[in-house]
Structure formats: C-alpha cells, structure tokens
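S.K.: I have a structure I would like to understand better, so I am pasting it below and will then ask my questions one at a time.
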Amino acid sequence: MSTGGKAMIEAGSDSLLNAQWARVRGRLRAEFGEATFRSWLKPLTLAGRRGQDLRVAVPSRFMRDWVATHYADRIKALWTSECPEIRSVEVIVDANGTATASGGLEFDDLPATESAPDDGNGAKTESDPAAVLGADQEGLAGVSATLDPRLTFDNFVVGKSNELAHAAAIRVAESDSVPFNPLFLYGGVGLGKTHLMHAIAHHIKKKQPQKRVIYLSAEKFMYQFIRALRNKNTMAFKELFRSVDVLMVDDVQFIIGKESTQEEFFHTFNALFDQNKQVVLSADKSPSDLQGLEERMRTRFGWGLVADIHPTTYELRLGILQAKAEQAPIEIPGKVLEFLAHRISSNVRELEGALTRIIAHATLVGRPVSVDSAQELLKDLLRANDRSVTIEEIQRRVAEHYNIKLADMSSPRRARQVSRPRQIAMYLAKQLTTKSLPDIGRGFGGRDHTTVMHAVKKVEELAAGDISFAEDIDLLRRMLEG
C-alpha cells in the first residue's frame, strides 16, 4: 500500500469521509441483503484513510478473512464511485473495538432499497451465511441446546463422589476470568455431568447475560459442521463457534473416529484457548482413557482441570431421594427411601425415575406407600439393578468376614458367634436381592420366613443402637455391591 508520506486521517475527524462511508454502507446493505449485512458487514468500522489508501476494521481474524475474500472488491468499487482517489481498501483486525465508525452515526437508520437475495420463494439462499447459522444471538439460539430449567446448582445434591466436579463447576460459573481451561467432567451415565453443564450455563446466563454461551452435544456439533460443509459455509461456522465466550460440549467421546469433525473441533478448541475463552467438556471416560482420540486432543483436554464423578454412595443416593421426596405431593416413608437407595445404585436417573413411579402410583391408585408395595411396583427395575448378587455370595462374604464356616449359615447351631452372622446374611439377602422371605429362608437351611423377618428386625435394631455394628453392615453391603 502506498502511503505517499501522508498522515492517517481518522474516521471521526473527517465529516466528508464519514458521509461517504455512510453511503457505502447503505449500498452494501441494499446489495447483499439484511441478513448478510447484519452478519458480516454491520461489524465493519472505518479505521481511517492515508492518501489513496483506506482502512476498514473488523473484530476478529476469521471475519477479516471472510470479508477480504467475499466483499473487499465490492467495497473498493463502491468507495471508488464515491471518491475516485481511493486506490486500495485494507481490512484489518481491531479486536478491542478502538476504531470508530463515523463519529457516532448509526448506519442502522439507513433504509435498504433492495431485499435480501432469495431462492425465488422468499427464502434465503443457502449460500447466505446468515441463512444457515443465523447471526449474533440468533445464531447462538439456533445452535445451542435448550437448557432444562430443573438442572441448576440449587437442585444438585452434593456428596463425596461429586464434590470436586461440583466445586469446579461453580468456580467456572462464577468467575469473571478463566480459572482452568478446559474444565473436563467425566463419569458414567446418569451421574450428574449433564446436570452440572446445564447449571453452569444457567448461572452464567443469569449473572453475566452479556456473555455469549453455546451448550450442545458433540453429536450436534458434528451435525452443524457437516451442514456447513454441505452448504459451503464453513467460514460462518468457524466464526460462530470461535467468537463465543463459553463453549460447552457434552459427550465429547462422540467425535472419536470422525476425523473431519475431530480436526475442526481441535482448531475450534485452540482458537478459544488462545483467546482465553472458557471451554467445558464432558465424557464418559477421562481423556487418558478415551480410546481412539487423537493424542493432540488428549493432551489439550488434560490442560485444565479433569474432574471425575464417581458412582453414587448410599448416603448421596439417600440425600437425592430425600430432596426429591420433599417436593412430592404425598409423604414417602423413610424406610422406602432407604430401600431405594440400597437397591438402585446404577445411576441417579433410574433412582429418580423409580421414586417418580412410586409417587405416581400412590397418587393415581390411592394406596399407601410401603417397602413391600415399592418392591412389587419396581420389580423390573430392581431385577435390572440386582447385579446378580446371590444368597450364596452373601453367605460366603459374611462367613469370611466373621471367620465362620460357610456350612454354619445353614446349620441348626444357635451359638451367638454363628447366629449373629447368619442374621446379618439374611438381612443383606433381603436388602440386596429380589428373593422373597420364604426363598431366603430356604437358602438358609430351610428356615421359616418368620425367622428371616425376625433376623431383619434384629439387625435393624442393633444397627440403630450401635454405630460400630452399623458400620460393619455398611462395609459388607459396599463389598457386595462393588
């Protein structure tokens, strides 16, 4: 670009220059249509003029590349028609927004004389970036998944198995800066990863509404990328995803094996990381255990904080059920909640679903809720969560723990050193299997079901009055469930 030794004329100090720029902007809007103008041309600001050379500024590198490729020649032609002295137009990046547009003139007030390009039926053509991905907040709304209003921090029950992930999620949501990048949450199905992702997004949108936040699944990210490729509109895709303040992607393991999507996500991650924008990811395994993930991706996923969510403990499951029961229209006995917390240990979704089924049944049918009615109603779910724990396995584990013979479980001996472990084994069989009381009795040498009932009641009484005994029972249950 030739400078001719002339000083740069600032846009805001030359009224003629501002007037020419206003007319150029008006013609750009008329020629390219409202949607394209809003997406790509409205952000343009006039940086200044030096002799025959003109500078216009955009807020990002990606927008600069797009404008320079698709609109720079037309901008130059329009400027030349306004001022024949102009010989070149340079598009520069002004990320801080220091370039002024035209001394405060609002170009949005200029009328458009032509409608946006369409396909003959009034629809935007697919070559129009805004028609595919939308613009500004409209684009975010079209791509970001709908947030569940129930999944907030207030409704998240914290326990030892998820306290690190919960604390990290709150730090990300409340921080004005980026505390760790990325935040990588991992754990099995139904343990709370998605709940925390939704909670982060809810909190940021409420406390910092000016921030641009996208939350979506890795599958939807891939879908949007494929769509952009098909419509030859990848620049709009890149601009949308690389201009956000917070990008949250759920189930990122889904991109494994999708080479093109993995490549694009790699560059998107790098762009946001370089701009110090927050990235939050979730997966079913830690980065080091995601088989098939490229090594460069694995390394970057581990740059920030990796927080795992363990399978729920009995105490956490009970806490979740108690919190949900407080909102129920009927009273749920504590014994029923304890029964569910013991028997359904796979994931929180199934646990909450079981309680919902009990509440619905009691409300519709009008029967009181009890452990027996819950066991009958949830027979299919309990069978699936039984983990195939057998009476024989319980007897063997309890016998080993108390150092007695396995045969003593079925023998007629009544000595306390034998009868107490036998009662504990009966209690655990009632808690951890779907066997009926008569079936349990038959497994212990053909004893009557009333003997089993007595054993269960005795163990419950002892556990309520003796902390050491209760801890012993809990240890055995954990060993059998694990």
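To be explicit about the labels: the chains of the structure tokens are called A, B, and onward in the order shown, and within each one the residues are counted from 1, while ligands get numbers from 1 in the order they are shown.
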Fewer than 4 positions away in the same chain doesn't count, so skip those; otherwise give me all residues within 12 Å of segment 408-422 of chain A, counting only C-alpha atoms, as a VMD selection string.

M.R.: chain A and resid 391 to 404 426 to 429 440 to 447 451 to 452 454 to 456 458 to 459 462 469 472 to 473 476

S.K.: Need to verify the contact set: Thr312 of chain A, 7 Å, only C-alpha atoms, exclusion of same-chain residues closer than 2 positions in sequence. Can you return it as a count of residues only?

M.R.: 6

S.K.: Env of Ile320 of chain A: 12 Å cut, atoms = only C-alpha atoms, seq-sep filter 6 positions within chain, self excluded. Answer as number ranges by chain.

M.R.: A: 155-159, 191-192, 312-314, 326-327, 337-338, 340-341, 347-353, 355

S.K.: Using C-alpha atoms, can you write the selected residues to a file as a CSV table (one decimal), in the first residue's frame?

M.R.:
```
chain,number,residue,atom,x,y,z
A,155,ASN,CA,-31.1,-28.8,42.7
A,156,PHE,CA,-27.8,-30.6,42.6
A,157,VAL,CA,-27.2,-32.8,45.7
A,158,VAL,CA,-23.5,-32.8,46.6
A,159,GLY,CA,-21.7,-35.8,48.1
A,191,LEU,CA,-24.2,-39.5,37.5
A,192,GLY,CA,-24.7,-35.7,37.0
A,312,THR,CA,-23.0,-42.6,43.9
A,313,THR,CA,-22.7,-43.7,47.5
A,314,TYR,CA,-25.6,-44.9,49.6
A,326,GLU,CA,-39.7,-33.1,50.0
A,327,GLN,CA,-41.3,-31.8,46.8
A,337,LEU,CA,-36.3,-44.1,50.5
A,338,GLU,CA,-33.6,-46.2,52.3
A,340,LEU,CA,-34.5,-47.5,47.0
A,341,ALA,CA,-31.1,-46.0,47.9
A,347,ASN,CA,-27.4,-44.1,38.3
A,348,VAL,CA,-29.3,-41.1,39.5
A,349,ARG,CA,-31.8,-41.0,36.6
A,350,GLU,CA,-33.1,-44.5,37.4
A,351,LEU,CA,-33.2,-43.7,41.1
A,352,GLU,CA,-35.3,-40.5,40.5
A,353,GLY,CA,-37.4,-42.4,37.9
A,355,LEU,CA,-39.4,-42.5,43.0
```

S.K.: When DSSP is applied to the backbone of this structure, which of segment 218-307 of chain A are assigned strand (DSSP E or B)? Write them out as a list of chain:residue names.

M.R.: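 Across segment 218-307 of chain A, those assigned strand (DSSP E or B) are A:Val246, A:Leu247, A:Met248, A:Val249, A:Asp250, A:Gln278, A:Val279, A:Val280, A:Leu281, A:Ser282, A:Ala283, A:Leu305, A:Val306, A:Ala307.
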
S.K.: Put those residues in a file: N, CA and C atoms, as an mmCIF file, in the first residue's frame.

M.R.:
```
data_model
loop_
_atom_site.group_PDB
_atom_site.id
_atom_site.type_symbol
_atom_site.label_atom_id
_atom_site.label_comp_id
_atom_site.auth_asym_id
_atom_site.auth_seq_id
_atom_site.Cartn_x
_atom_site.Cartn_y
_atom_site.Cartn_z
ATOM 1 N N VAL A 246 -18.091 -18.737 26.076
ATOM 2 C CA VAL A 246 -18.081 -20.039 26.750
ATOM 3 C C VAL A 246 -18.629 -21.087 25.785
ATOM 4 N N LEU A 247 -17.833 -22.116 25.520
ATOM 5 C CA LEU A 247 -18.279 -23.239 24.687
ATOM 6 C C LEU A 247 -18.356 -24.472 25.568
ATOM 7 N N MET A 248 -19.540 -25.111 25.599
ATOM 8 C CA MET A 248 -19.761 -26.293 26.417
ATOM 9 C C MET A 248 -20.227 -27.436 25.522
ATOM 10 N N VAL A 249 -19.465 -28.516 25.518
ATOM 11 C CA VAL A 249 -19.776 -29.650 24.645
ATOM 12 C C VAL A 249 -19.930 -30.905 25.491
ATOM 13 N N ASP A 250 -21.112 -31.510 25.421
ATOM 14 C CA ASP A 250 -21.443 -32.706 26.204
ATOM 15 C C ASP A 250 -21.119 -33.964 25.401
ATOM 16 N N GLN A 278 -13.563 -19.632 27.846
ATOM 17 C CA GLN A 278 -13.789 -20.842 28.632
ATOM 18 C C GLN A 278 -14.355 -21.987 27.793
ATOM 19 N N VAL A 279 -13.779 -23.178 27.973
ATOM 20 C CA VAL A 279 -14.279 -24.397 27.337
ATOM 21 C C VAL A 279 -14.616 -25.399 28.452
ATOM 22 N N VAL A 280 -15.811 -25.979 28.376
ATOM 23 C CA VAL A 280 -16.238 -27.005 29.340
ATOM 24 C C VAL A 280 -16.647 -28.244 28.544
ATOM 25 N N LEU A 281 -16.076 -29.388 28.893
ATOM 26 C CA LEU A 281 -16.329 -30.632 28.158
ATOM 27 C C LEU A 281 -16.778 -31.720 29.127
ATOM 28 N N SER A 282 -17.518 -32.695 28.604
ATOM 29 C CA SER A 282 -17.859 -33.871 29.401
ATOM 30 C C SER A 282 -17.708 -35.119 28.543
ATOM 31 N N ALA A 283 -17.438 -36.221 29.212
ATOM 32 C CA ALA A 283 -17.292 -37.504 28.512
ATOM 33 C C ALA A 283 -17.555 -38.623 29.507
ATOM 34 N N LEU A 305 -8.546 -28.636 34.269
ATOM 35 C CA LEU A 305 -8.897 -29.477 35.407
ATOM 36 C C LEU A 305 -9.758 -30.638 34.930
ATOM 37 N N VAL A 306 -9.330 -31.852 35.223
ATOM 38 C CA VAL A 306 -10.101 -33.060 34.917
ATOM 39 C C VAL A 306 -10.753 -33.520 36.215
ATOM 40 N N ALA A 307 -12.077 -33.484 36.261
ATOM 41 C CA ALA A 307 -12.812 -33.824 37.482
ATOM 42 C C ALA A 307 -13.749 -34.999 37.207
#
```

S.K.: Would you please work out which residue, of A:Lys207, A:Lys430, A:Lys220, A:Arg230, is nearest to Phe339 of chain A when using only C-alpha atoms?

M.R.: A:Lys430

S.K.: Tell me which of A:Met222, A:Leu437, A:Ala362, A:Val172 sits closest to Phe237 of chain A, counting only C-alpha atoms.

M.R.: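 Of the candidates, the smallest distance to Phe237 of chain A is held by A:Met222.
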
S.K.: Mind checking which residues fall within 10 Å of segment 295-302 of chain A, counting only C-alpha atoms, ignoring those fewer than 6 positions away in the same chain, and posting them as a VMD selection string?

M.R.: chain A and resid 181 to 184 262 to 263 265 to 266 269 to 270 273 279 to 281 286 to 289

S.K.: Please determine, counting only C-alpha atoms, which residue among A:Ser373, A:Thr194, A:Asn276, A:Gln431 has the shortest atom-to-atom distance to Leu151 of chain A.

M.R.: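 Checking each of A:Ser373, A:Thr194, A:Asn276, A:Gln431 against Leu151 of chain A, counting only C-alpha atoms, the winner is A:Thr194.
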